[in-house]
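A.B. asks: This is the structure I want to talk about, given as structure tokens.
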There are 2 protein chains.
Amino acid sequence: MTHYPFSRAITNTPKSFIREILKLTQSEHIISFAGGLPNKTLFPVSAIQAAANKVLSDDGENVLQYSTTEGYLPLRQWIAKRYLKYGITIAPEQVLITSGSQQALDLIGKLFLDAGDAVALENPSYLGAIQAFQMYQPRFYSANLTNEGIDVEALSEIVRTQQCQFFYGIPSFQNPTGLSYSLANRKAVAQWLIQDNRIMVEDNPYGELRFSGEDLPPIYKWAPDNTIMLGTFSKVCAPGFRLGWIVAPIPVMDKFIIAKQAADLHTSYFSQRVLYQYLHDNLIDEHISKIKHAYATQCQAMIAAIQAHLPAYITVTQPEGGMFLWLTLPDNWSAIDLFHIAVQHGVAFVPGEPFFADAQRQNQLRMSYCTNDEKAIREGIRRLAAAMDEYQKRLQEPSPLII
Amino acid sequence: MTHYPFSRAITNTPKSFIREILKLTQSEHIISFAGGLPNKTLFPVSAIQAAANKVLSDDGENVLQYSTTEGYLPLRQWIAKRYLKYGITIAPEQVLITSGSQQALDLIGKLFLDAGDAVALENPSYLGAIQAFQMYQPRFYSANLTNEGIDVEALSEIVRTQQCQFFYGIPSFQNPTGLSYSLANRKAVAQWLIQDNRIMVEDNPYGELRFSGEDLPPIYKWAPDNTIMLGTFSKVCAPGFRLGWIVAPIPVMDKFIIAKQAADLHTSYFSQRVLYQYLHDNLIDEHISKIKHAYATQCQAMIAAIQAHLPAYITVTQPEGGMFLWLTLPDNWSAIDLFHIAVQHGVAFVPGEPFFADAQRQNQLRMSYCTNDEKAIREGIRRLAAAMDEYQKRLQEPSPLII
């Protein structure tokens, strides 16, 4: 029997709970609200095909060659310029192209986490970030997220007493809750960062997908030296490219480049060149409008169906953009038990448990409205209502235990 | 002044020496033998363009969507089947698609290295591997590489006494030396791995590029439970895709999938689908024949020019494939000092020093014959001869010190 001398880091990292549970939702008979996928029918396939043809015809040999660790300069310039609408000036040298923003999260672990270091999170927080940081064996602490944003007082207390290396948060249309920080909350976070000399990792995958309310700048605007900002093309264009980015102050960027080179030399140059050509030859804002319109319609349909079919004591967030709704069940309910019944009824969601890095809560769940049309959304919520009905009946039975 | 609380890992990792030094070689007046790039004029650009068109026309929405962490199954099947020519049977479940083999090296660090753990290397070893492992703060130990291969006795002694987590080596046309392990040496390594219950990371980026001598199987053939095998499409097709792979025993693969998901969810699915379509619709072996023919011609031209123009006491390896030659200068020469003079003469190479993880040697250097044609190779070697001439004269001067 061969002995594999695994590291402590990988030995202590469990298999992805979500990965395992989502295997149960693969059947075509199941209406799934579980995935975090964008709606593929909105991908600009033919414009991307034209872009691929153009770069391969015009510059194929270079498009297929090795490139620089930092990423394709015109793409970095495009990203830097994109922040001007918020009145934020960023130099292209502050932008690093990453293999999706998941890689950015891993690089943040490399730059800031030794085993045993502390990290501050939102409660609940994005599962992919928890997984990425977990590989560096930190201690997690979290502050509550409300309709107004993060509890800055609790957060600053945690960061100070636990000496957290950074605070990771998603201020716009958070995954999993769909909640956003208000303007006042953003400014309060920035003020705290500067005053206490702290670092925030500001993840912003959904910020461009606002379909109601007023557009708000990232926290970076008020604390550029204290904020590392992440972005991605996965939600506004297509995730198959695996293209994201990091914006950071230059002294931090120097370290990111060292870590990035060690991690994969550079991100697929072919993907970078094709995506840049697409951005250059098309109006991305028109494309984003289409996505926002579709998601707004689907979000409204889902909320309406929830109000029509689910029990009134089940609460749901009211997102102004992004991809997700967050449902809170009665205190004594288990979202995982409900999940197993729901799958039998032909509908799936993500139980909330893995989004809690420290304090576990069992009675919440995430639903995406992106990948199903209005008809499927209504049918899915009807199935969920039936599943809840069955769950309640089983709860009232004295035995046997559920599942 | 903002304080950035960097990890010990990134604080202890210096800027890439090669990255800095190669900035001096960017001028178009310099004939560079320094890069590790394949020859871009050999890239199958139009066939790749056809493949990109086909996958985007036939299945665009899925090609641009998120995909599985393991990688595109038909591509993994293609890779598994490729080893049949060596009599090696691999299940597709044993293959993980990575973002170039550089990412494979990083994932190996994640799986096997805690800070302070020991790693065994070839002396000299591949710089990119040293950089990737360095991020996990190991101790490095190395065993000498000769014309026959690795010194198995020294290696087993090092691994035993230092409790090395694994041995990393490139048995075919090594980077930087161009040296290969003989058949007997491969079998001896396999026997040692099994007998002592050790793990080898067998990197094989150049194995398909043999232009003389007899093809040899990877060490994996004789020790499949003890070997983690890496491969890449960068040298046989194109590096711009950033597509490589890991072959590992299933219990190890389970851990790689956890680490890969945390690192970047999955490798560019767009790149994977385009490359697979190219492989499906074309005869890769015919393409590889063209590469081998070109590199063989260029390798012979470089060795002939070295023998014609450089001093006879400068020795050079005689590779049977791959991309690199390794030159040994007199003991009292410094390849870095020579490099600075060579650049002034309009020719560049890579000084050998960064390829030594522990015992430093200053009098060796790496040259690639891939990216220049025969005429440029002859001219470059003439310039190198002139640089050596100047270096020797300066050495004989009592002062001032060089550079």
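Chain labels follow the order of the structure tokens: the first chain is A, the next B, and so on; residue numbering restarts at 1 in every chain, and ligands are counted from 1 in their shown order.
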What's around Pro138 in chain B at 6 Å? Count only C-alpha atoms, leave out sequence neighbours fewer than 2 positions away in its own chain, and write the answer as a list in words.
C.D. replies: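 With the cut-off at 6 Å, the set is Ala115, Gly116, Asp117, Ala118 and Tyr136 of chain B.
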A.B. asks: With chain B as the partner and 7 Å as the cut-off, tabulate the residues of chain A that qualify, each row holding the nearest pair of atoms and their distance in Å to one decimal, using only C-alpha atoms, sorted by chain and rising number, as a Markdown table.
C.D. replies:
| residue | atom | partner | partner_atom | distance |
| --- | --- | --- | --- | --- |
| A:Thr2 | CA | B:Asn197 | CA | 6.2 |
| A:His3 | CA | B:Asn197 | CA | 6.7 |
| A:Pro5 | CA | B:Phe112 | CA | 6.3 |
| A:Phe6 | CA | B:Phe112 | CA | 4.7 |
| A:Ser7 | CA | B:Phe112 | CA | 4.5 |
| A:Arg8 | CA | B:Asp114 | CA | 6.6 |
| A:Ile10 | CA | B:Leu111 | CA | 5.6 |
| A:Lys15 | CA | B:Ile258 | CA | 6.3 |
| A:Leu37 | CA | B:Tyr66 | CA | 6.9 |
| A:Lys40 | CA | B:Glu61 | CA | 5.4 |
| A:Thr41 | CA | B:Glu61 | CA | 6.5 |
| A:Phe43 | CA | B:Glu61 | CA | 6.4 |
| A:Val45 | CA | B:Gly60 | CA | 5.7 |
| A:Gln49 | CA | B:Leu56 | CA | 6.2 |
| A:Asn53 | CA | B:Gln49 | CA | 6.5 |
| A:Leu56 | CA | B:Gln49 | CA | 6.3 |
| A:Gly60 | CA | B:Val45 | CA | 5.7 |
| A:Glu61 | CA | B:Lys40 | CA | 5.4 |
| A:Val63 | CA | B:Gly240 | CA | 6.3 |
| A:Leu64 | CA | B:Gly240 | CA | 4.0 |
| A:Gln65 | CA | B:Gly240 | CA | 4.6 |
| A:Tyr66 | CA | B:Gly240 | CA | 5.2 |
| A:Ser99 | CA | B:Asp264 | CA | 6.3 |
| A:Gly100 | CA | B:Asp264 | CA | 6.4 |
| A:Gln102 | CA | B:Asp264 | CA | 4.8 |
| A:Gln103 | CA | B:Asp264 | CA | 4.5 |
| A:Asp106 | CA | B:Ala263 | CA | 5.5 |
| A:Lys110 | CA | B:Ile10 | CA | 6.8 |
| A:Leu111 | CA | B:Ser7 | CA | 5.5 |
| A:Phe112 | CA | B:Ser7 | CA | 4.5 |
| A:Leu113 | CA | B:Ser7 | CA | 5.2 |
| A:Asp114 | CA | B:Ser7 | CA | 5.5 |
| A:Gly128 | CA | B:Ala262 | CA | 6.9 |
| A:Gln131 | CA | B:Ala262 | CA | 5.6 |
| A:Ala132 | CA | B:Ala262 | CA | 4.5 |
| A:Gln165 | CA | B:Pro5 | CA | 6.4 |
| A:Asn197 | CA | B:Thr2 | CA | 6.2 |
| A:Asp225 | CA | B:Thr2 | CA | 6.6 |
| A:Asn226 | CA | B:Thr2 | CA | 6.9 |
| A:Ala238 | CA | B:Leu64 | CA | 5.5 |
| A:Pro239 | CA | B:Gln65 | CA | 5.4 |
| A:Gly240 | CA | B:Leu64 | CA | 4.1 |
| A:Phe241 | CA | B:Ser268 | CA | 5.0 |
| A:Arg242 | CA | B:Ser268 | CA | 5.1 |
| A:Lys255 | CA | B:Ile10 | CA | 6.9 |
| A:Ile258 | CA | B:Lys15 | CA | 6.3 |
| A:Ala262 | CA | B:Ala132 | CA | 4.5 |
| A:Ala263 | CA | B:Gln103 | CA | 5.3 |
| A:Asp264 | CA | B:Gln103 | CA | 4.5 |
| A:Leu265 | CA | B:Gln102 | CA | 6.5 |
| A:Thr267 | CA | B:Arg242 | CA | 6.9 |
| A:Ser268 | CA | B:Phe241 | CA | 5.0 |
| A:Tyr269 | CA | B:Gly240 | CA | 5.0 |
| A:Phe270 | CA | B:Gly240 | CA | 5.5 |
| A:Ser271 | CA | B:Ser271 | CA | 6.9 |
A.B. asks: Extract the full set of strand (DSSP E or B) residues from range 282-329 of chain A according to DSSP on the backbone, and format it as number ranges by chain.
C.D. replies: A: 315-316, 321, 324-328
A.B. asks: Per DSSP on the backbone, what are the alpha helix (DSSP H) residues of range 30-206 of chain A, as a PDB file with N, CA and C atoms, in the first residue's frame?
C.D. replies:
ATOM      1  N   VAL A  45     -22.463  34.553 -28.407  1.00  0.00           N
ATOM      2  CA  VAL A  45     -21.666  33.524 -29.087  1.00  0.00           C
ATOM      3  C   VAL A  45     -21.137  33.991 -30.446  1.00  0.00           C
ATOM      4  N   SER A  46     -22.001  34.560 -31.276  1.00  0.00           N
ATOM      5  CA  SER A  46     -21.529  34.869 -32.638  1.00  0.00           C
ATOM      6  C   SER A  46     -20.530  36.029 -32.628  1.00  0.00           C
ATOM      7  N   ALA A  47     -20.702  36.985 -31.726  1.00  0.00           N
ATOM      8  CA  ALA A  47     -19.718  38.077 -31.634  1.00  0.00           C
ATOM      9  C   ALA A  47     -18.373  37.551 -31.122  1.00  0.00           C
ATOM     10  N   ILE A  48     -18.406  36.577 -30.240  1.00  0.00           N
ATOM     11  CA  ILE A  48     -17.154  35.976 -29.756  1.00  0.00           C
ATOM     12  C   ILE A  48     -16.501  35.160 -30.868  1.00  0.00           C
ATOM     13  N   GLN A  49     -17.312  34.495 -31.662  1.00  0.00           N
ATOM     14  CA  GLN A  49     -16.767  33.749 -32.801  1.00  0.00           C
ATOM     15  C   GLN A  49     -16.062  34.702 -33.772  1.00  0.00           C
ATOM     16  N   ALA A  50     -16.692  35.847 -34.040  1.00  0.00           N
ATOM     17  CA  ALA A  50     -16.066  36.839 -34.922  1.00  0.00           C
ATOM     18  C   ALA A  50     -14.744  37.329 -34.325  1.00  0.00           C
ATOM     19  N   ALA A  51     -14.740  37.542 -33.007  1.00  0.00           N
ATOM     20  CA  ALA A  51     -13.521  38.011 -32.336  1.00  0.00           C
ATOM     21  C   ALA A  51     -12.409  36.966 -32.421  1.00  0.00           C
ATOM     22  N   ALA A  52     -12.775  35.695 -32.227  1.00  0.00           N
ATOM     23  CA  ALA A  52     -11.779  34.619 -32.310  1.00  0.00           C
ATOM     24  C   ALA A  52     -11.186  34.549 -33.710  1.00  0.00           C
ATOM     25  N   ASN A  53     -12.054  34.666 -34.708  1.00  0.00           N
ATOM     26  CA  ASN A  53     -11.567  34.649 -36.090  1.00  0.00           C
ATOM     27  C   ASN A  53     -10.616  35.799 -36.362  1.00  0.00           C
ATOM     28  N   LYS A  54     -10.973  36.967 -35.838  1.00  0.00           N
ATOM     29  CA  LYS A  54     -10.161  38.150 -36.120  1.00  0.00           C
ATOM     30  C   LYS A  54      -8.761  38.015 -35.506  1.00  0.00           C
ATOM     31  N   VAL A  55      -8.678  37.669 -34.232  1.00  0.00           N
ATOM     32  CA  VAL A  55      -7.347  37.611 -33.602  1.00  0.00           C
ATOM     33  C   VAL A  55      -6.498  36.485 -34.179  1.00  0.00           C
ATOM     34  N   LEU A  56      -7.143  35.360 -34.541  1.00  0.00           N
ATOM     35  CA  LEU A  56      -6.345  34.270 -35.102  1.00  0.00           C
ATOM     36  C   LEU A  56      -5.892  34.601 -36.527  1.00  0.00           C
ATOM     37  N   SER A  57      -6.738  35.289 -37.293  1.00  0.00           N
ATOM     38  CA  SER A  57      -6.338  35.705 -38.648  1.00  0.00           C
ATOM     39  C   SER A  57      -5.245  36.768 -38.601  1.00  0.00           C
ATOM     40  N   ASP A  58      -5.415  37.743 -37.723  1.00  0.00           N
ATOM     41  CA  ASP A  58      -4.509  38.898 -37.725  1.00  0.00           C
ATOM     42  C   ASP A  58      -3.185  38.640 -37.014  1.00  0.00           C
ATOM     43  N   ASP A  59      -3.205  37.783 -35.972  1.00  0.00           N
ATOM     44  CA  ASP A  59      -2.029  37.697 -35.103  1.00  0.00           C
ATOM     45  C   ASP A  59      -1.914  36.326 -34.456  1.00  0.00           C
ATOM     46  N   GLY A  60      -2.303  35.294 -35.213  1.00  0.00           N
ATOM     47  CA  GLY A  60      -2.416  33.939 -34.659  1.00  0.00           C
ATOM     48  C   GLY A  60      -1.174  33.447 -33.937  1.00  0.00           C
ATOM     49  N   GLU A  61      -0.001  33.674 -34.537  1.00  0.00           N
ATOM     50  CA  GLU A  61       1.224  33.131 -33.923  1.00  0.00           C
ATOM     51  C   GLU A  61       1.447  33.702 -32.528  1.00  0.00           C
ATOM     52  N   ASN A  62       1.191  34.998 -32.371  1.00  0.00           N
ATOM     53  CA  ASN A  62       1.386  35.599 -31.046  1.00  0.00           C
ATOM     54  C   ASN A  62       0.273  35.247 -30.070  1.00  0.00           C
ATOM     55  N   VAL A  63      -0.945  35.126 -30.600  1.00  0.00           N
ATOM     56  CA  VAL A  63      -2.093  34.776 -29.757  1.00  0.00           C
ATOM     57  C   VAL A  63      -1.891  33.403 -29.101  1.00  0.00           C
ATOM     58  N   LEU A  73      -1.916  43.817 -22.089  1.00  0.00           N
ATOM     59  CA  LEU A  73      -1.982  45.222 -21.672  1.00  0.00           C
ATOM     60  C   LEU A  73      -3.267  45.937 -22.109  1.00  0.00           C
ATOM     61  N   PRO A  74      -3.706  45.823 -23.377  1.00  0.00           N
ATOM     62  CA  PRO A  74      -4.956  46.500 -23.751  1.00  0.00           C
ATOM     63  C   PRO A  74      -6.159  46.044 -22.916  1.00  0.00           C
ATOM     64  N   LEU A  75      -6.173  44.781 -22.510  1.00  0.00           N
ATOM     65  CA  LEU A  75      -7.261  44.299 -21.653  1.00  0.00           C
ATOM     66  C   LEU A  75      -7.162  44.940 -20.267  1.00  0.00           C
ATOM     67  N   ARG A  76      -5.948  45.077 -19.754  1.00  0.00           N
ATOM     68  CA  ARG A  76      -5.754  45.722 -18.445  1.00  0.00           C
ATOM     69  C   ARG A  76      -6.129  47.203 -18.529  1.00  0.00           C
ATOM     70  N   GLN A  77      -5.820  47.820 -19.666  1.00  0.00           N
ATOM     71  CA  GLN A  77      -6.200  49.228 -19.850  1.00  0.00           C
ATOM     72  C   GLN A  77      -7.719  49.377 -19.897  1.00  0.00           C
ATOM     73  N   TRP A  78      -8.361  48.442 -20.593  1.00  0.00           N
ATOM     74  CA  TRP A  78      -9.822  48.463 -20.701  1.00  0.00           C
ATOM     75  C   TRP A  78     -10.453  48.363 -19.316  1.00  0.00           C
ATOM     76  N   ILE A  79      -9.933  47.450 -18.503  1.00  0.00           N
ATOM     77  CA  ILE A  79     -10.464  47.259 -17.146  1.00  0.00           C
ATOM     78  C   ILE A  79     -10.258  48.524 -16.311  1.00  0.00           C
ATOM     79  N   ALA A  80      -9.033  49.085 -16.369  1.00  0.00           N
ATOM     80  CA  ALA A  80      -8.732  50.296 -15.589  1.00  0.00           C
ATOM     81  C   ALA A  80      -9.719  51.412 -15.941  1.00  0.00           C
ATOM     82  N   LYS A  81      -9.957  51.575 -17.245  1.00  0.00           N
ATOM     83  CA  LYS A  81     -10.834  52.642 -17.732  1.00  0.00           C
ATOM     84  C   LYS A  81     -12.280  52.451 -17.274  1.00  0.00           C
ATOM     85  N   ARG A  82     -12.680  51.214 -17.124  1.00  0.00           N
ATOM     86  CA  ARG A  82     -14.050  50.886 -16.749  1.00  0.00           C
ATOM     87  C   ARG A  82     -14.446  51.515 -15.411  1.00  0.00           C
ATOM     88  N   GLY A 100      -9.979  33.621 -13.703  1.00  0.00           N
ATOM     89  CA  GLY A 100     -11.225  33.759 -12.953  1.00  0.00           C
ATOM     90  C   GLY A 100     -10.942  34.425 -11.607  1.00  0.00           C
ATOM     91  N   SER A 101     -11.996  34.925 -10.943  1.00  0.00           N
ATOM     92  CA  SER A 101     -11.694  35.557  -9.647  1.00  0.00           C
ATOM     93  C   SER A 101     -11.462  34.503  -8.576  1.00  0.00           C
ATOM     94  N   GLN A 102     -11.784  33.246  -8.859  1.00  0.00           N
ATOM     95  CA  GLN A 102     -11.399  32.197  -7.904  1.00  0.00           C
ATOM     96  C   GLN A 102      -9.881  32.172  -7.734  1.00  0.00           C
ATOM     97  N   GLN A 103      -9.135  32.325  -8.841  1.00  0.00           N
ATOM     98  CA  GLN A 103      -7.673  32.351  -8.699  1.00  0.00           C
ATOM     99  C   GLN A 103      -7.223  33.570  -7.892  1.00  0.00           C
ATOM    100  N   ALA A 104      -7.919  34.689  -8.069  1.00  0.00           N
ATOM    101  CA  ALA A 104      -7.579  35.871  -7.272  1.00  0.00           C
ATOM    102  C   ALA A 104      -7.678  35.541  -5.784  1.00  0.00           C
ATOM    103  N   LEU A 105      -8.710  34.807  -5.402  1.00  0.00           N
ATOM    104  CA  LEU A 105      -8.884  34.421  -3.995  1.00  0.00           C
ATOM    105  C   LEU A 105      -7.727  33.549  -3.516  1.00  0.00           C
ATOM    106  N   ASP A 106      -7.290  32.629  -4.369  1.00  0.00           N
ATOM    107  CA  ASP A 106      -6.153  31.777  -4.016  1.00  0.00           C
ATOM    108  C   ASP A 106      -4.884  32.610  -3.862  1.00  0.00           C
ATOM    109  N   LEU A 107      -4.667  33.564  -4.768  1.00  0.00           N
ATOM    110  CA  LEU A 107      -3.471  34.412  -4.692  1.00  0.00           C
ATOM    111  C   LEU A 107      -3.502  35.277  -3.428  1.00  0.00           C
ATOM    112  N   ILE A 108      -4.677  35.696  -3.017  1.00  0.00           N
ATOM    113  CA  ILE A 108      -4.805  36.454  -1.764  1.00  0.00           C
ATOM    114  C   ILE A 108      -4.377  35.593  -0.586  1.00  0.00           C
ATOM    115  N   GLY A 109      -4.772  34.331  -0.604  1.00  0.00           N
ATOM    116  CA  GLY A 109      -4.287  33.399   0.427  1.00  0.00           C
ATOM    117  C   GLY A 109      -2.766  33.327   0.435  1.00  0.00           C
ATOM    118  N   LYS A 110      -2.171  33.211  -0.755  1.00  0.00           N
ATOM    119  CA  LYS A 110      -0.704  33.132  -0.853  1.00  0.00           C
ATOM    120  C   LYS A 110      -0.041  34.387  -0.287  1.00  0.00           C
ATOM    121  N   LEU A 111      -0.629  35.551  -0.565  1.00  0.00           N
ATOM    122  CA  LEU A 111       0.008  36.818  -0.167  1.00  0.00           C
ATOM    123  C   LEU A 111      -0.161  37.141   1.312  1.00  0.00           C
ATOM    124  N   PHE A 112      -1.280  36.720   1.885  1.00  0.00           N
ATOM    125  CA  PHE A 112      -1.604  37.244   3.218  1.00  0.00           C
ATOM    126  C   PHE A 112      -1.788  36.199   4.311  1.00  0.00           C
ATOM    127  N   LEU A 127     -19.006  30.899  -0.488  1.00  0.00           N
ATOM    128  CA  LEU A 127     -18.433  29.572  -0.302  1.00  0.00           C
ATOM    129  C   LEU A 127     -17.089  29.385  -1.004  1.00  0.00           C
ATOM    130  N   GLY A 128     -16.952  29.895  -2.231  1.00  0.00           N
ATOM    131  CA  GLY A 128     -15.712  29.723  -3.001  1.00  0.00           C
ATOM    132  C   GLY A 128     -14.542  30.432  -2.320  1.00  0.00           C
ATOM    133  N   ALA A 129     -14.828  31.543  -1.662  1.00  0.00           N
ATOM    134  CA  ALA A 129     -13.772  32.254  -0.930  1.00  0.00           C
ATOM    135  C   ALA A 129     -13.361  31.461   0.302  1.00  0.00           C
ATOM    136  N   ILE A 130     -14.354  30.933   1.007  1.00  0.00           N
ATOM    137  CA  ILE A 130     -14.043  30.101   2.181  1.00  0.00           C
ATOM    138  C   ILE A 130     -13.158  28.928   1.754  1.00  0.00           C
ATOM    139  N   GLN A 131     -13.521  28.287   0.634  1.00  0.00           N
ATOM    140  CA  GLN A 131     -12.737  27.137   0.150  1.00  0.00           C
ATOM    141  C   GLN A 131     -11.314  27.543  -0.215  1.00  0.00           C
ATOM    142  N   ALA A 132     -11.172  28.687  -0.920  1.00  0.00           N
ATOM    143  CA  ALA A 132      -9.836  29.123  -1.338  1.00  0.00           C
ATOM    144  C   ALA A 132      -8.963  29.444  -0.130  1.00  0.00           C
ATOM    145  N   PHE A 133      -9.515  30.194   0.819  1.00  0.00           N
ATOM    146  CA  PHE A 133      -8.731  30.581   2.004  1.00  0.00           C
ATOM    147  C   PHE A 133      -8.425  29.365   2.882  1.00  0.00           C
ATOM    148  N   GLN A 134      -9.384  28.453   2.962  1.00  0.00           N
ATOM    149  CA  GLN A 134      -9.244  27.244   3.788  1.00  0.00           C
ATOM    150  C   GLN A 134      -7.919  26.520   3.530  1.00  0.00           C
ATOM    151  N   VAL A 152     -20.369  47.337  10.901  1.00  0.00           N
ATOM    152  CA  VAL A 152     -18.984  47.830  10.951  1.00  0.00           C
ATOM    153  C   VAL A 152     -18.419  47.774  12.371  1.00  0.00           C
ATOM    154  N   GLU A 153     -19.274  48.022  13.341  1.00  0.00           N
ATOM    155  CA  GLU A 153     -18.793  47.994  14.723  1.00  0.00           C
ATOM    156  C   GLU A 153     -18.325  46.584  15.111  1.00  0.00           C
ATOM    157  N   ALA A 154     -19.172  45.612  14.810  1.00  0.00           N
ATOM    158  CA  ALA A 154     -18.807  44.219  15.108  1.00  0.00           C
ATOM    159  C   ALA A 154     -17.565  43.815  14.316  1.00  0.00           C
ATOM    160  N   LEU A 155     -17.531  44.229  13.056  1.00  0.00           N
ATOM    161  CA  LEU A 155     -16.415  43.878  12.183  1.00  0.00           C
ATOM    162  C   LEU A 155     -15.092  44.431  12.727  1.00  0.00           C
ATOM    163  N   SER A 156     -15.096  45.714  13.074  1.00  0.00           N
ATOM    164  CA  SER A 156     -13.843  46.327  13.531  1.00  0.00           C
ATOM    165  C   SER A 156     -13.381  45.692  14.841  1.00  0.00           C
ATOM    166  N   GLU A 157     -14.335  45.316  15.673  1.00  0.00           N
ATOM    167  CA  GLU A 157     -14.021  44.633  16.936  1.00  0.00           C
ATOM    168  C   GLU A 157     -13.349  43.278  16.672  1.00  0.00           C
ATOM    169  N   ILE A 158     -13.948  42.509  15.756  1.00  0.00           N
ATOM    170  CA  ILE A 158     -13.384  41.194  15.406  1.00  0.00           C
ATOM    171  C   ILE A 158     -11.975  41.336  14.838  1.00  0.00           C
ATOM    172  N   VAL A 159     -11.829  42.248  13.884  1.00  0.00           N
ATOM    173  CA  VAL A 159     -10.547  42.395  13.197  1.00  0.00           C
ATOM    174  C   VAL A 159      -9.458  42.806  14.196  1.00  0.00           C
ATOM    175  N   ARG A 160      -9.839  43.680  15.146  1.00  0.00           N
ATOM    176  CA  ARG A 160      -8.877  44.163  16.130  1.00  0.00           C
ATOM    177  C   ARG A 160      -8.523  43.061  17.129  1.00  0.00           C
ATOM    178  N   THR A 161      -9.534  42.429  17.694  1.00  0.00           N
ATOM    179  CA  THR A 161      -9.248  41.458  18.757  1.00  0.00           C
ATOM    180  C   THR A 161      -8.626  40.174  18.207  1.00  0.00           C
ATOM    181  N   LEU A 183     -24.839  53.214   0.588  1.00  0.00           N
ATOM    182  CA  LEU A 183     -23.771  54.191   0.375  1.00  0.00           C
ATOM    183  C   LEU A 183     -23.121  54.565   1.712  1.00  0.00           C
ATOM    184  N   ALA A 184     -23.961  54.834   2.716  1.00  0.00           N
ATOM    185  CA  ALA A 184     -23.426  55.217   4.030  1.00  0.00           C
ATOM    186  C   ALA A 184     -22.570  54.100   4.614  1.00  0.00           C
ATOM    187  N   ASN A 185     -23.024  52.857   4.448  1.00  0.00           N
ATOM    188  CA  ASN A 185     -22.275  51.719   4.971  1.00  0.00           C
ATOM    189  C   ASN A 185     -20.914  51.582   4.276  1.00  0.00           C
ATOM    190  N   ARG A 186     -20.897  51.786   2.957  1.00  0.00           N
ATOM    191  CA  ARG A 186     -19.633  51.721   2.205  1.00  0.00           C
ATOM    192  C   ARG A 186     -18.644  52.754   2.741  1.00  0.00           C
ATOM    193  N   LYS A 187     -19.145  53.977   2.954  1.00  0.00           N
ATOM    194  CA  LYS A 187     -18.267  55.039   3.453  1.00  0.00           C
ATOM    195  C   LYS A 187     -17.769  54.722   4.863  1.00  0.00           C
ATOM    196  N   ALA A 188     -18.646  54.129   5.665  1.00  0.00           N
ATOM    197  CA  ALA A 188     -18.246  53.770   7.029  1.00  0.00           C
ATOM    198  C   ALA A 188     -17.161  52.694   7.014  1.00  0.00           C
ATOM    199  N   VAL A 189     -17.302  51.735   6.105  1.00  0.00           N
ATOM    200  CA  VAL A 189     -16.274  50.687   5.992  1.00  0.00           C
ATOM    201  C   VAL A 189     -14.937  51.314   5.582  1.00  0.00           C
ATOM    202  N   ALA A 190     -14.987  52.215   4.581  1.00  0.00           N
ATOM    203  CA  ALA A 190     -13.762  52.865   4.106  1.00  0.00           C
ATOM    204  C   ALA A 190     -13.088  53.652   5.233  1.00  0.00           C
ATOM    205  N   GLN A 191     -13.904  54.360   5.983  1.00  0.00           N
ATOM    206  CA  GLN A 191     -13.372  55.163   7.082  1.00  0.00           C
ATOM    207  C   GLN A 191     -12.673  54.286   8.118  1.00  0.00           C
ATOM    208  N   TRP A 192     -13.325  53.170   8.446  1.00  0.00           N
ATOM    209  CA  TRP A 192     -12.732  52.222   9.396  1.00  0.00           C
ATOM    210  C   TRP A 192     -11.400  51.657   8.868  1.00  0.00           C
ATOM    211  N   LEU A 193     -11.385  51.281   7.574  1.00  0.00           N
ATOM    212  CA  LEU A 193     -10.167  50.706   6.981  1.00  0.00           C
ATOM    213  C   LEU A 193      -8.986  51.659   7.148  1.00  0.00           C
ATOM    214  N   ILE A 194      -9.242  52.941   6.832  1.00  0.00           N
ATOM    215  CA  ILE A 194      -8.162  53.927   6.886  1.00  0.00           C
ATOM    216  C   ILE A 194      -7.773  54.209   8.339  1.00  0.00           C
ATOM    217  N   GLN A 195      -8.789  54.409   9.163  1.00  0.00           N
ATOM    218  CA  GLN A 195      -8.527  54.754  10.564  1.00  0.00           C
ATOM    219  C   GLN A 195      -7.739  53.659  11.283  1.00  0.00           C
ATOM    220  N   ASP A 196      -8.143  52.412  11.084  1.00  0.00           N
ATOM    221  CA  ASP A 196      -7.499  51.303  11.792  1.00  0.00           C
ATOM    222  C   ASP A 196      -6.373  50.666  10.984  1.00  0.00           C
TER     223      ASP A 196
END
A.B. asks: Give me the residues within 10 Å of Ser32 in chain B as a PyMOL selection string, counting only C-alpha atoms and dropping any in the same chain fewer than 4 places off.
C.D. replies: chain B and resi 22+25-28+343+346-350+367-369+371-372+376-377+380
A.B. asks: Residues within 9 Å of range 214-220 of chain B, please, as an MDAnalysis selection string. Count only C-alpha atoms; anything in the same chain fewer than 3 positions from it doesn't count.
C.D. replies: chainID B and resid 83 85:88 171:172 181:183 186:187 189:190 200 202 204 207:208 210 223:229 320
A.B. asks: Near Phe355 in chain B, within 8 Å and counting only C-alpha atoms, which residues show up once chain neighbours fewer than 2 positions away are dropped, as a PyMOL selection string?
C.D. replies: chain B and resi 123-127+130+176+352-353+357
A.B. asks: With only C-alpha atoms as the atoms that count, which of A:Ala308, A:Ile381, A:Ile314, A:Ala387 lies nearest to Asn363 in chain A?
C.D. replies: A:Ile314
